[in-house]
$ cat protein00.pdb   # PDB, C-alpha atoms and all ligand atoms
MODEL        1
ATOM      1  CA  MET R   1      21.451  50.979  55.515
ATOM      2  CA  PRO R   2      22.532  48.972  58.587
ATOM      3  CA  LEU R   3      25.133  50.668  60.717
ATOM      4  CA  HIS R   4      27.952  48.215  60.009
ATOM      5  CA  LYS R   5      27.470  48.763  56.307
ATOM      6  CA  VAL R   6      27.608  52.538  56.759
ATOM      7  CA  LEU R   7      30.879  52.211  58.645
ATOM      8  CA  LYS R   8      32.316  49.875  56.066
ATOM      9  CA  THR R   9      31.420  52.212  53.229
ATOM     10  CA  ALA R  10      32.837  55.163  55.089
ATOM     11  CA  LEU R  11      36.085  53.277  55.706
ATOM     12  CA  THR R  12      36.468  52.214  52.093
ATOM     13  CA  LEU R  13      35.999  55.799  51.073
ATOM     14  CA  LEU R  14      38.309  57.143  53.735
ATOM     15  CA  LEU R  15      41.157  54.646  53.601
ATOM     16  CA  PRO R  16      42.612  55.629  50.250
ATOM     17  CA  ALA R  17      42.643  59.240  51.368
ATOM     18  CA  LEU R  18      44.364  58.331  54.612
ATOM     19  CA  LEU R  19      46.961  56.232  52.855
ATOM     20  CA  ALA R  20      47.669  58.973  50.372
ATOM     21  CA  SER R  21      48.358  61.391  53.163
ATOM     22  CA  LEU R  22      51.056  59.118  54.618
ATOM     23  CA  PRO R  23      54.574  59.735  53.341
ATOM     24  CA  ALA R  24      55.610  57.215  50.709
ATOM     25  CA  LYS R  25      58.345  54.755  51.637
ATOM     26  CA  GLY R  26      61.838  55.946  50.736
ATOM     27  CA  ASN R  27      60.605  59.476  50.600
ATOM     28  CA  THR R  28      60.335  60.111  54.326
ATOM     29  CA  GLN R  29      61.559  63.397  55.687
ATOM     30  CA  PRO R  30      64.402  63.045  58.227
ATOM     31  CA  VAL R  31      62.793  63.054  61.641
ATOM     32  CA  ALA R  32      64.029  65.963  63.731
ATOM     33  CA  LYS R  33      65.939  64.663  66.717
ATOM     34  CA  LYS R  34      64.324  65.681  69.977
ATOM     35  CA  LEU R  35      66.201  66.070  73.221
ATOM     36  CA  LYS R  36      65.094  66.122  76.787
ATOM     37  CA  ALA R  37      65.859  69.594  77.998
ATOM     38  CA  ILE R  38      64.960  71.887  80.775
ATOM     39  CA  ARG R  39      63.291  75.144  79.861
ATOM     40  CA  ILE R  40      63.195  78.152  82.120
ATOM     41  CA  GLU R  41      61.343  81.325  81.389
ATOM     42  CA  GLN R  42      62.723  84.137  83.497
ATOM     43  CA  VAL R  43      62.945  87.863  83.918
ATOM     44  CA  THR R  44      66.461  89.164  84.385
ATOM     45  CA  SER R  45      67.313  92.662  85.445
ATOM     46  CA  GLY R  46      70.485  94.586  86.108
ATOM     47  CA  LEU R  47      72.313  93.344  83.040
ATOM     48  CA  PRO R  48      75.232  95.513  81.950
ATOM     49  CA  GLY R  49      74.336  97.912  79.187
ATOM     50  CA  SER R  50      71.650  99.665  81.176
ATOM     51  CA  THR R  51      71.334 103.330  80.378
ATOM     52  CA  ALA R  52      70.695 106.332  82.597
ATOM     53  CA  GLY R  53      70.815 104.291  85.791
ATOM     54  CA  LYS R  54      67.720 102.399  84.758
ATOM     55  CA  PRO R  55      68.441  98.693  85.163
ATOM     56  CA  LEU R  56      67.846  96.726  82.012
ATOM     57  CA  SER R  57      65.073  94.200  82.590
ATOM     58  CA  VAL R  58      64.427  91.547  79.970
ATOM     59  CA  ARG R  59      62.541  88.330  79.418
ATOM     60  CA  GLN R  60      64.782  85.357  78.792
ATOM     61  CA  VAL R  61      64.033  81.812  77.796
ATOM     62  CA  LEU R  62      66.748  79.388  78.743
ATOM     63  CA  SER R  63      66.995  75.810  77.481
ATOM     64  CA  ILE R  64      69.626  73.497  78.904
ATOM     65  CA  ASP R  65      70.749  70.336  77.178
ATOM     66  CA  SER R  66      72.749  68.781  79.994
ATOM     67  CA  VAL R  67      73.831  65.742  78.001
ATOM     68  CA  GLY R  68      75.155  67.659  75.024
ATOM     69  CA  LYS R  69      76.463  70.411  77.309
ATOM     70  CA  ARG R  70      74.732  73.099  75.368
ATOM     71  CA  LEU R  71      72.593  76.013  76.223
ATOM     72  CA  ARG R  72      70.192  78.169  74.278
ATOM     73  CA  LEU R  73      69.227  81.563  75.599
ATOM     74  CA  GLU R  74      66.628  83.706  73.922
ATOM     75  CA  GLN R  75      66.764  87.272  75.097
ATOM     76  CA  TYR R  76      63.825  89.504  74.275
ATOM     77  CA  SER R  77      63.774  93.276  73.928
ATOM     78  CA  PRO R  78      63.609  95.364  77.108
ATOM     79  CA  GLY R  79      60.442  97.084  75.920
ATOM     80  CA  ASP R  80      58.832  94.196  74.059
ATOM     81  CA  GLU R  81      58.631  90.730  75.588
ATOM     82  CA  LYS R  82      57.835  89.151  72.231
ATOM     83  CA  ALA R  83      60.605  90.695  70.134
ATOM     84  CA  LEU R  84      63.628  88.418  70.118
ATOM     85  CA  GLU R  85      66.646  90.681  70.498
ATOM     86  CA  THR R  86      69.498  88.215  70.666
ATOM     87  CA  LEU R  87      69.835  84.484  70.586
ATOM     88  CA  TYR R  88      72.796  83.033  72.460
ATOM     89  CA  LEU R  89      74.078  79.517  71.919
ATOM     90  CA  LEU R  90      76.673  78.265  74.331
ATOM     91  CA  HIS R  91      78.664  75.108  73.726
ATOM     92  CA  TRP R  92      80.897  73.703  76.463
ATOM     93  CA  GLY R  93      84.327  72.694  75.148
ATOM     94  CA  LYS R  94      86.299  69.661  76.298
ATOM     95  CA  GLU R  95      88.510  71.484  78.764
ATOM     96  CA  LYS R  96      87.885  75.049  79.792
ATOM     97  CA  GLU R  97      87.107  76.313  76.335
ATOM     98  CA  THR R  98      83.646  77.602  75.676
ATOM     99  CA  THR R  99      82.131  78.832  72.463
ATOM    100  CA  ILE R 100      79.403  81.407  72.472
ATOM    101  CA  PHE R 101      77.465  82.248  69.352
ATOM    102  CA  THR R 102      75.328  85.359  69.364
ATOM    103  CA  LEU R 103      72.691  85.820  66.712
ATOM    104  CA  PRO R 104      71.228  89.335  66.583
ATOM    105  CA  GLY R 105      67.472  89.046  66.233
ATOM    106  CA  GLY R 106      67.846  85.282  66.025
ATOM    107  CA  GLU R 107      68.527  85.728  62.309
ATOM    108  CA  LYS R 108      70.938  83.754  60.161
ATOM    109  CA  GLN R 109      73.993  85.794  61.094
ATOM    110  CA  TYR R 110      76.193  85.200  64.067
ATOM    111  CA  ARG R 111      79.236  86.333  65.981
ATOM    112  CA  GLU R 112      81.508  83.790  67.554
ATOM    113  CA  TYR R 113      83.510  84.036  70.776
ATOM    114  CA  ARG R 114      85.742  81.164  71.664
ATOM    115  CA  GLY R 115      88.106  80.681  74.523
ATOM    116  CA  ASP R 116      88.492  80.396  78.238
ATOM    117  CA  LEU R 117      86.160  83.015  79.635
ATOM    118  CA  ASN R 118      87.762  82.608  83.034
ATOM    119  CA  GLU R 119      90.456  84.919  81.647
ATOM    120  CA  ASN R 120      88.120  87.575  83.081
ATOM    121  CA  GLN R 121      88.914  86.327  86.529
ATOM    122  CA  ARG R 122      92.649  86.290  85.900
ATOM    123  CA  ASN R 123      92.442  89.928  84.812
ATOM    124  CA  ARG R 124      90.523  90.645  87.984
ATOM    125  CA  ARG R 125      93.332  89.151  90.058
ATOM    126  CA  VAL R 126      95.904  91.347  88.307
ATOM    127  CA  HIS R 127      93.706  94.392  88.886
ATOM    128  CA  GLU R 128      93.230  93.572  92.579
ATOM    129  CA  ILE R 129      96.943  93.119  93.204
ATOM    130  CA  GLU R 130      97.454  96.569  91.712
ATOM    131  CA  GLN R 131      94.700  98.006  93.949
ATOM    132  CA  LEU R 132      96.267  96.403  97.015
ATOM    133  CA  ARG R 133      99.608  97.928  96.086
ATOM    134  CA  ILE R 134      98.047 101.412  95.944
ATOM    135  CA  ILE R 135      96.030 100.944  99.145
ATOM    136  CA  ARG R 136      99.165  99.934 101.038
ATOM    137  CA  GLY R 137     100.215 103.584 100.967
ATOM    138  CA  TYR R 138      97.007 104.765 102.714
ATOM    139  CA  PRO R 139      96.820 105.676 106.438
ATOM    140  CA  ALA R 140      95.690 102.647 108.508
ATOM    141  CA  ARG R 141      92.066 103.678 108.970
ATOM    142  CA  GLU R 142      91.484 104.559 105.319
ATOM    143  CA  ARG R 143      93.247 101.413 104.225
ATOM    144  CA  LYS R 144      90.885  99.307 106.327
ATOM    145  CA  LEU R 145      87.801 101.044 104.895
ATOM    146  CA  ALA R 146      89.002 100.812 101.305
ATOM    147  CA  MET R 147      89.781  97.109 101.626
ATOM    148  CA  LYS R 148      86.389  96.407 103.152
ATOM    149  CA  LYS R 149      84.598  98.329 100.434
ATOM    150  CA  LEU R 150      86.485  96.561  97.663
ATOM    151  CA  GLY R 151      86.237  93.165  99.323
ATOM    152  CA  LEU R 152      89.995  92.815  99.415
ATOM    153  CA  ARG R 153      92.023  90.954 102.022
ATOM    154  CA  LYS R 154      95.695  90.967 102.835
ATOM    155  CA  ASN R 155      97.747  89.032 100.288
ATOM    156  CA  GLY R 156      94.685  88.723  98.060
ATOM    157  CA  VAL R 157      93.076  86.033 100.226
ATOM    158  CA  ARG R 158      89.483  85.207  99.305
ATOM    159  CA  GLU R 159      87.375  83.729 102.021
ATOM    160  CA  VAL R 160      84.219  82.058 100.774
ATOM    161  CA  ASN R 161      81.279  81.180 103.009
ATOM    162  CA  VAL R 162      78.350  79.049 101.926
ATOM    163  CA  ARG R 163      75.115  79.002 103.890
ATOM    164  CA  TRP R 164      71.925  77.035 103.420
ATOM    165  CA  ASN R 165      68.569  78.139 104.752
ATOM    166  CA  GLU R 166      64.966  77.112 104.508
ATOM    167  CA  ALA R 167      62.872  78.741 101.806
ATOM    168  CA  ALA R 168      59.219  78.757 100.851
ATOM    169  CA  ASP R 169      58.047  76.802  97.792
ATOM    170  CA  HIS R 170      58.298  78.634  94.516
ATOM    171  CA  LEU R 171      56.349  77.797  91.343
ATOM    172  CA  GLY R 172      55.042  74.835  93.318
ATOM    173  CA  LEU R 173      58.507  73.382  93.760
ATOM    174  CA  PRO R 174      60.272  72.796  97.076
ATOM    175  CA  CYS R 175      63.191  75.165  97.520
ATOM    176  CA  LYS R 176      66.223  75.937  99.626
ATOM    177  CA  ARG R 177      68.051  79.198  99.950
ATOM    178  CA  LEU R 178      71.734  79.383  99.149
ATOM    179  CA  THR R 179      73.926  82.305 100.153
ATOM    180  CA  VAL R 180      77.535  82.558  99.063
ATOM    181  CA  GLN R 181      79.757  85.304 100.375
ATOM    182  CA  GLU R 182      83.220  86.169  99.206
ATOM    183  CA  ASN R 183      85.142  88.362 101.648
ATOM    184  CA  ASP R 184      81.799  89.398 103.187
ATOM    185  CA  ILE R 185      80.357  90.453  99.825
ATOM    186  CA  THR R 186      77.289  88.413  98.880
ATOM    187  CA  VAL R 187      77.922  87.034  95.401
ATOM    188  CA  ILE R 188      75.006  84.579  95.312
ATOM    189  CA  ASP R 189      71.703  84.834  97.089
ATOM    190  CA  ALA R 190      69.462  82.268  95.475
ATOM    191  CA  VAL R 191      66.343  80.240  96.042
ATOM    192  CA  LEU R 192      67.060  76.891  94.426
ATOM    193  CA  THR R 193      65.046  73.854  93.630
ATOM    194  CA  THR R 194      66.509  70.433  93.045
ATOM    195  CA  SER R 195      63.122  68.842  92.542
ATOM    196  CA  VAL R 196      62.710  69.369  88.853
ATOM    197  CA  PRO R 197      60.278  66.732  87.646
ATOM    198  CA  GLY R 198      61.930  63.996  85.611
ATOM    199  CA  GLN R 199      65.385  65.511  85.896
ATOM    200  CA  THR R 200      68.592  63.970  87.102
ATOM    201  CA  ALA R 201      71.379  65.627  89.017
ATOM    202  CA  ASP R 202      73.047  66.095  85.658
ATOM    203  CA  THR R 203      70.802  68.947  84.690
ATOM    204  CA  THR R 204      70.599  70.600  88.044
ATOM    205  CA  SER R 205      74.377  70.682  88.361
ATOM    206  CA  SER R 206      74.653  71.956  84.787
ATOM    207  CA  TYR R 207      73.240  75.261  85.822
ATOM    208  CA  PHE R 208      76.252  76.170  87.902
ATOM    209  CA  GLU R 209      78.551  74.562  85.365
ATOM    210  CA  MET R 210      77.206  77.193  82.982
ATOM    211  CA  PHE R 211      78.347  79.925  85.355
ATOM    212  CA  ARG R 212      81.692  78.178  85.635
ATOM    213  CA  ARG R 213      81.988  78.606  81.882
ATOM    214  CA  LEU R 214      81.024  82.254  81.893
ATOM    215  CA  GLY R 215      83.892  83.538  84.005
ATOM    216  CA  VAL R 216      81.445  85.089  86.408
ATOM    217  CA  PHE R 217      82.888  83.754  89.662
ATOM    218  CA  SER R 218      86.347  83.443  91.137
ATOM    219  CA  GLU R 219      88.065  80.063  91.378
ATOM    220  CA  GLU R 220      87.497  80.178  95.132
ATOM    221  CA  VAL R 221      83.724  80.545  94.678
ATOM    222  CA  LEU R 222      83.626  77.927  91.907
ATOM    223  CA  ASP R 223      85.410  75.513  94.220
ATOM    224  CA  LYS R 224      82.665  75.859  96.801
ATOM    225  CA  LEU R 225      79.967  75.524  94.145
ATOM    226  CA  LYS R 226      81.323  72.165  93.036
ATOM    227  CA  GLY R 227      78.697  69.514  93.583
ATOM    228  CA  ILE R 228      75.957  71.995  94.416
ATOM    229  CA  GLU R 229      72.809  71.068  92.609
ATOM    230  CA  GLY R 230      69.807  73.153  91.927
ATOM    231  CA  ILE R 231      68.222  75.571  89.588
ATOM    232  CA  PRO R 232      67.703  79.087  90.872
ATOM    233  CA  LEU R 233      64.113  80.214  90.690
ATOM    234  CA  LYS R 234      65.023  83.528  92.286
ATOM    235  CA  ALA R 235      68.542  84.833  92.473
ATOM    236  CA  GLU R 236      70.723  87.854  92.947
ATOM    237  CA  ILE R 237      74.160  87.349  91.516
ATOM    238  CA  THR R 238      77.010  89.794  91.879
ATOM    239  CA  VAL R 239      79.563  89.595  89.126
ATOM    240  CA  ILE R 240      83.016  90.806  90.035
ATOM    241  CA  THR R 241      85.597  91.165  87.286
ATOM    242  CA  GLU R 242      88.210  93.876  86.812
ATOM    243  CA  LEU R 243      85.362  96.111  85.680
ATOM    244  CA  PRO R 244      82.933  97.708  88.136
ATOM    245  CA  SER R 245      80.914  94.899  89.715
ATOM    246  CA  TYR R 246      77.218  94.555  88.979
ATOM    247  CA  THR R 247      74.332  92.602  90.415
ATOM    248  CA  ILE R 248      71.802  90.831  88.258
ATOM    249  CA  SER R 249      68.456  89.590  89.525
ATOM    250  CA  VAL R 250      66.792  86.590  88.018
ATOM    251  CA  GLN R 251      63.223  85.549  88.635
ATOM    252  CA  ALA R 252      61.850  82.403  87.039
ATOM    253  CA  ARG R 253      58.283  82.515  85.810
ATOM    254  CA  LYS R 254      58.047  78.974  84.594
ATOM    255  CA  LEU R 255      60.165  75.853  84.677
ATOM    256  CA  THR R 256      59.371  72.864  82.532
ATOM    257  CA  GLN R 257      60.954  69.777  81.165
ATOM    258  CA  GLN R 258      60.465  69.545  77.447
ATOM    259  CA  LYS R 259      61.462  67.647  74.387
ATOM    260  CA  ILE R 260      63.280  70.172  72.276
ATOM    261  CA  ASP R 261      64.356  69.894  68.675
ATOM    262  CA  GLU R 262      68.122  69.301  68.757
ATOM    263  CA  ALA R 263      68.606  71.780  65.901
ATOM    264  CA  LEU R 264      67.644  74.594  68.267
ATOM    265  CA  PHE R 265      70.964  74.166  70.058
ATOM    266  CA  LYS R 266      72.902  74.528  66.831
ATOM    267  CA  LEU R 267      73.557  77.373  64.435
ATOM    268  CA  PRO R 268      70.821  77.531  61.819
ATOM    269  CA  PRO R 269      71.876  75.961  58.519
ATOM    270  CA  GLY R 270      73.505  78.485  56.213
ATOM    271  CA  ALA R 271      74.166  80.971  59.019
ATOM    272  CA  LYS R 272      76.849  83.506  58.111
ATOM    273  CA  LYS R 273      79.584  84.650  60.448
ATOM    274  CA  ILE R 274      79.828  88.369  61.161
ATOM    275  CA  ILE R 275      83.422  89.561  61.243
ATOM    276  CA  ASP R 276      83.840  92.787  63.148
ATOM    277  CA  THR R 277      86.835  94.990  62.699
ATOM    278  CA  PRO R 278      89.047  94.483  65.717
ATOM    279  CA  ALA R 279      89.546  97.540  67.943
ATOM    280  CA  GLU R 280      93.286  96.939  67.920
ATOM    281  CA  SER R 281      95.501  95.447  65.275
ATOM    282  CA  THR R 282      99.103  94.403  65.082
ATOM    283  CA  CYS R 283     101.256  95.456  62.170
ATOM    284  CA  PRO R 284     102.426  92.199  60.561
ATOM    285  CA  ILE R 285     105.750  93.774  59.552
ATOM    286  CA  CYS R 286     107.099  95.381  62.714
ATOM    287  CA  GLY R 287     104.699  93.939  65.303
ATOM    288  CA  LYS R 288     103.605  97.333  66.611
ATOM    289  CA  GLN R 289     100.071  97.457  67.974
ATOM    290  CA  GLY R 290      97.659 100.278  67.366
ATOM    291  CA  GLU R 291      94.059 101.368  67.090
ATOM    292  CA  THR R 292      92.765  99.794  63.899
ATOM    293  CA  GLU R 293      90.947 103.004  62.943
ATOM    294  CA  ARG R 294      94.203 104.970  62.883
ATOM    295  CA  MET R 295      96.153 102.389  60.934
ATOM    296  CA  GLY R 296      96.789 102.135  57.211
ATOM    297  CA  ARG R 297      95.170  99.428  55.125
ATOM    298  CA  VAL R 298      96.679  97.127  52.590
ATOM    299  CA  PHE R 299      94.266  95.112  50.508
ATOM    300  CA  THR R 300      95.407  91.571  49.968
ATOM    301  CA  ASP R 301      93.763  88.469  48.554
ATOM    302  CA  ARG R 302      93.131  87.368  52.151
ATOM    303  CA  GLY R 303      91.332  90.595  53.016
ATOM    304  CA  VAL R 304      92.366  93.879  54.576
ATOM    305  CA  VAL R 305      95.637  93.955  56.527
ATOM    306  CA  TYR R 306      96.347  96.839  58.899
ATOM    307  CA  VAL R 307      99.805  98.388  59.059
ATOM    308  CA  ASP R 308     101.154 101.144  61.284
ATOM    309  CA  SER R 309     103.264 103.118  58.816
ATOM    310  CA  GLU R 310     103.861 103.980  55.189
ATOM    311  CA  ALA R 311     107.150 102.083  55.288
ATOM    312  CA  CYS R 312     105.486  98.915  56.608
ATOM    313  CA  ALA R 313     102.741  99.207  53.953
ATOM    314  CA  LYS R 314     105.414  99.349  51.223
ATOM    315  CA  GLU R 315     107.276  96.423  52.743
ATOM    316  CA  LEU R 316     104.088  94.340  52.934
ATOM    317  CA  GLN R 317     103.231  95.117  49.307
ATOM    318  CA  ARG R 318     106.761  94.183  48.280
ATOM    319  CA  GLN R 319     106.448  90.847  50.135
ATOM    320  CA  ILE R 320     103.069  90.084  48.588
ATOM    321  CA  LYS R 321     104.421  90.794  45.096
ATOM    322  CA  GLY R 322     107.481  88.697  45.836
ATOM    323  CA  ALA R 323     105.399  85.763  47.047
ATOM    324  CA  GLY R 324     103.177  86.058  43.984
ATOM    325  CA  LYS R 325     106.184  85.902  41.672
ATOM    326  CA  LYS R 326     107.678  82.927  43.466
ATOM    327  CA  GLU R 327     104.374  81.091  43.201
ATOM    328  CA  LYS R 328     104.155  81.837  39.499
ATOM    329  CA  ASN R 329     107.690  80.625  38.965
ATOM    330  CA  ARG R 330     107.025  77.419  40.865
ATOM    331  CA  ARG R 331     104.058  76.512  38.724
ATOM    332  CA  PRO R 332     104.939  74.368  35.709
TER     333      PRO R 332
HETATM  334 ZN    ZN R 401     104.798  98.300  61.135
ENDMDL
END
$ encode --input "protein00.pdb" --output "structure tokens"
Amino acid sequence: MPLHKVLKTALTLLLPALLASLPAKGNTQPVAKKLKAIRIEQVTSGLPGSTAGKPLSVRQVLSIDSVGKRLRLEQYSPGDEKALETLYLLHWGKEKETTIFTLPGGEKQYREYRGDLNENQRNRRVHEIEQLRIIRGYPARERKLAMKKLGLRKNGVREVNVRWNEAADHLGLPCKRLTVQENDITVIDAVLTTSVPGQTADTTSSYFEMFRRLGVFSEEVLDKLKGIEGIPLKAEITVITELPSYTISVQARKLTQQKIDEALFKLPPGAKKIIDTPAESTCPICGKQGETERMGRVFTDRGVVYVDSEACAKELQRQIKGAGKKEKNRRP
């Protein structure tokens, strides 16, 4: 058979099969929306939660959607780089509010934290003022040493210094080194790149915006970080809150620009919220606060309510019964 005839025959045989494999009109699956995002694979160590002085070192995969102001962080197990331990989804709010969803094991259950995480920094301020008050009573020499060690200045002043230095290329990208000191304590020592292929300033400034949302730095440091662009490929970051400070080290292994399924920045469909028992509860009758574990429980149609005393439990039950009666009476 001549070649053109062979081809023609093959096509006639193949075409129906090809057509059949195409989705029928009106029956097309919704196309998953893809977003341009930056993806960073990194190793982070020194995260809080380390045991026996051994710094926790984990593999993390970070995806930043700078347009939607969302972030996805996959954190793998300390001992197993392939076992997803927790998935974090962070959504920037309009003002200062941030919502963080944590999904243990990346499964369909999540915890939700919502609010202004910079509350951390306000608590730190309160704590520092208290420390300064105590230190004031020390002899001069000790006072000076204590203030230096704690990074405290008279009247709670925070002096922030930003320095830029040259740095060698990292992962094939040109870099600069940024050092930020707060009262002589280095809070950021990072090798940054602004030359992410195909990325705009939007994404590179989003990285620090993320830190702004995490309540990791003081207002004074955040002020100086305004307008700084760049994605750290290597960084040591010291987090100071009212709790003991800690330093985390981040080392990027890979940085790419990718099209990512938009759904990956959202909670999986059908995900269920985990409600944890609060550590402290307030008695709804008298307003007294106490450790939830030590409080009495009253079961209501809205769930368990914690009360501080027998008397308050009785009062609550009386109110519930009363409300129930009223409702019954109101119904025709
Ligand atoms: Zn009470």
$ residues_near_point --input "protein00.pdb" --point "(62.8, 85.9, 86.0)" --cutoff "7 Å" --atoms "all atoms listed in the file" --output "list of chain:residue names"
R:Glu41, R:Gln42, R:Val43, R:Thr44, R:Val250, R:Gln251, R:Ala252, R:Arg253
$ closest_residue --input "protein00.pdb" --among "R:Cys175, R:Ile129, R:Val196, R:Asp184" --to "Asn155 in chain R" --atoms "all atoms listed in the file"
R:Ile129
$ resolve_selection --input "protein00.pdb" --expression "the PyMOL selection byres (((chain R and resi 305) around 10) and not hetatm)" --output "count of residues only"
19
$ resolve_selection --input "protein00.pdb" --expression "the PyMOL selection byres (((not hetatm)) within 7 of (chain R and resi 401))" --output "number ranges by chain"
R: 283-288, 307-309, 312
$ residues_around --input "protein00.pdb" --residues "range 105-110 of chain R" --least-positions-apart "2" --cutoff "6 Å" --atoms "all atoms listed in the file" --output "list in words"
Leu84, Glu85, Thr86, Leu87, Thr102, Leu103, Ala271, Lys272, Lys273 and Ile274 of chain R
$ residues_around --input "protein00.pdb" --residues "Gly68 in chain R" --least-positions-apart "3" --cutoff "12 Å" --atoms "only C-alpha atoms" --output "list in words"
Leu35, Lys36, Ala37, Ser63, Ile64, Asp65, Leu71, Arg72, Leu90, His91, Trp92, Gly93, Lys94, Asp202, Thr203, Ser206, Glu262, Ala263, Phe265 and Lys266 of chain R
$ atom_distance --input "protein00.pdb" --atom1 "CA of Val157 in chain R" --atom2 "CA of Glu236 in chain R"
23.6 Å
$ atom_distance --input "protein00.pdb" --atom1 "CA of Met147 in chain R" --atom2 "CA of Arg124 in chain R"
15.1 Å
$ closest_residue --input "protein00.pdb" --among "R:Leu89, R:Leu192, R:Val61, R:Ile40" --to "Leu255 in chain R" --atoms "only C-alpha atoms"
R:Ile40
$ resolve_selection --input "protein00.pdb" --expression "the PyMOL selection byres (((chain R and resi 223) around 12) and not hetatm)" --output "list in words"
Arg158, Glu159, Val160, Asn161, Val162, Val180, Glu182, Phe208, Glu209, Arg212, Phe217, Ser218, Glu219, Glu220, Val221, Leu222, Lys224, Leu225, Lys226, Gly227 and Ile228 of chain R
$ residues_around --input "protein00.pdb" --residues "Ser245 in chain R" --least-positions-apart "2" --cutoff "12 Å" --atoms "all atoms listed in the file" --output "PDB file with C-alpha atoms, keeping the file's coordinate frame"
ATOM      1  CA  GLY R  46      70.485  94.586  86.108  1.00  0.00           C
ATOM      2  CA  LEU R  47      72.313  93.344  83.040  1.00  0.00           C
ATOM      3  CA  PRO R  48      75.232  95.513  81.950  1.00  0.00           C
ATOM      4  CA  ARG R 124      90.523  90.645  87.984  1.00  0.00           C
ATOM      5  CA  LYS R 149      84.598  98.329 100.434  1.00  0.00           C
ATOM      6  CA  LEU R 150      86.485  96.561  97.663  1.00  0.00           C
ATOM      7  CA  GLY R 151      86.237  93.165  99.323  1.00  0.00           C
ATOM      8  CA  ILE R 185      80.357  90.453  99.825  1.00  0.00           C
ATOM      9  CA  THR R 186      77.289  88.413  98.880  1.00  0.00           C
ATOM     10  CA  VAL R 187      77.922  87.034  95.401  1.00  0.00           C
ATOM     11  CA  VAL R 216      81.445  85.089  86.408  1.00  0.00           C
ATOM     12  CA  PHE R 217      82.888  83.754  89.662  1.00  0.00           C
ATOM     13  CA  ILE R 237      74.160  87.349  91.516  1.00  0.00           C
ATOM     14  CA  THR R 238      77.010  89.794  91.879  1.00  0.00           C
ATOM     15  CA  VAL R 239      79.563  89.595  89.126  1.00  0.00           C
ATOM     16  CA  ILE R 240      83.016  90.806  90.035  1.00  0.00           C
ATOM     17  CA  THR R 241      85.597  91.165  87.286  1.00  0.00           C
ATOM     18  CA  GLU R 242      88.210  93.876  86.812  1.00  0.00           C
ATOM     19  CA  LEU R 243      85.362  96.111  85.680  1.00  0.00           C
ATOM     20  CA  THR R 247      74.332  92.602  90.415  1.00  0.00           C
ATOM     21  CA  ILE R 248      71.802  90.831  88.258  1.00  0.00           C
TER      22      ILE R 248
END
$ atom_distance --input "protein00.pdb" --atom1 "CA of Thr193 in chain R" --atom2 "CA of Asp116 in chain R"
28.8 Å
$ closest_residue --input "protein00.pdb" --among "R:Lys314, R:Arg294, R:Lys176, R:Lys259" --to "Lys33 in chain R" --atoms "all atoms listed in the file"
R:Lys259
$ closest_residue --input "protein00.pdb" --among "R:Ala140, R:Leu267, R:Leu233, R:Leu132" --to "Asp169 in chain R" --atoms "all atoms listed in the file"
R:Leu233
$ axis_aligned_box --input "protein00.pdb" --around "range 242-255 of chain R" --padding-each-side "5 Å" --output "JSON"
{"center_x": 73.1, "center_y": 86.8, "center_z": 87.5, "size_x": 40.2, "size_y": 31.9, "size_z": 15.8}
$ build_atoms --input "protein00.pdb" --residues "range 148-158 of chain R" --atoms "N, CA and C atoms" --output "PDB file, in the frame of the given file"
ATOM      1  N   LYS R 148      87.713  96.962 102.850  1.00  0.00           N
ATOM      2  CA  LYS R 148      86.389  96.407 103.152  1.00  0.00           C
ATOM      3  C   LYS R 148      85.432  96.680 101.990  1.00  0.00           C
ATOM      4  N   LYS R 149      85.487  97.918 101.512  1.00  0.00           N
ATOM      5  CA  LYS R 149      84.598  98.329 100.434  1.00  0.00           C
ATOM      6  C   LYS R 149      84.859  97.524  99.158  1.00  0.00           C
ATOM      7  N   LEU R 150      86.117  97.286  98.884  1.00  0.00           N
ATOM      8  CA  LEU R 150      86.485  96.561  97.663  1.00  0.00           C
ATOM      9  C   LEU R 150      86.489  95.044  97.850  1.00  0.00           C
ATOM     10  N   GLY R 151      86.239  94.606  99.068  1.00  0.00           N
ATOM     11  CA  GLY R 151      86.237  93.165  99.323  1.00  0.00           C
ATOM     12  C   GLY R 151      87.610  92.545  99.167  1.00  0.00           C
ATOM     13  N   LEU R 152      88.625  93.317  99.550  1.00  0.00           N
ATOM     14  CA  LEU R 152      89.995  92.815  99.415  1.00  0.00           C
ATOM     15  C   LEU R 152      90.560  92.434 100.777  1.00  0.00           C
ATOM     16  N   ARG R 153      91.348  91.370 100.789  1.00  0.00           N
ATOM     17  CA  ARG R 153      92.023  90.954 102.022  1.00  0.00           C
ATOM     18  C   ARG R 153      93.527  90.985 101.792  1.00  0.00           C
ATOM     19  N   LYS R 154      94.232  90.974 102.881  1.00  0.00           N
ATOM     20  CA  LYS R 154      95.695  90.967 102.835  1.00  0.00           C
ATOM     21  C   LYS R 154      96.177  89.799 101.976  1.00  0.00           C
ATOM     22  N   ASN R 155      97.158  90.038 101.181  1.00  0.00           N
ATOM     23  CA  ASN R 155      97.747  89.032 100.288  1.00  0.00           C
ATOM     24  C   ASN R 155      96.745  88.454  99.277  1.00  0.00           C
ATOM     25  N   GLY R 156      95.658  89.171  99.056  1.00  0.00           N
ATOM     26  CA  GLY R 156      94.685  88.723  98.060  1.00  0.00           C
ATOM     27  C   GLY R 156      93.894  87.486  98.451  1.00  0.00           C
ATOM     28  N   VAL R 157      93.828  87.210  99.752  1.00  0.00           N
ATOM     29  CA  VAL R 157      93.076  86.033 100.226  1.00  0.00           C
ATOM     30  C   VAL R 157      91.584  86.232  99.939  1.00  0.00           C
ATOM     31  N   ARG R 158      90.937  85.151  99.507  1.00  0.00           N
ATOM     32  CA  ARG R 158      89.483  85.207  99.305  1.00  0.00           C
ATOM     33  C   ARG R 158      88.839  84.145 100.181  1.00  0.00           C
TER      34      ARG R 158
END
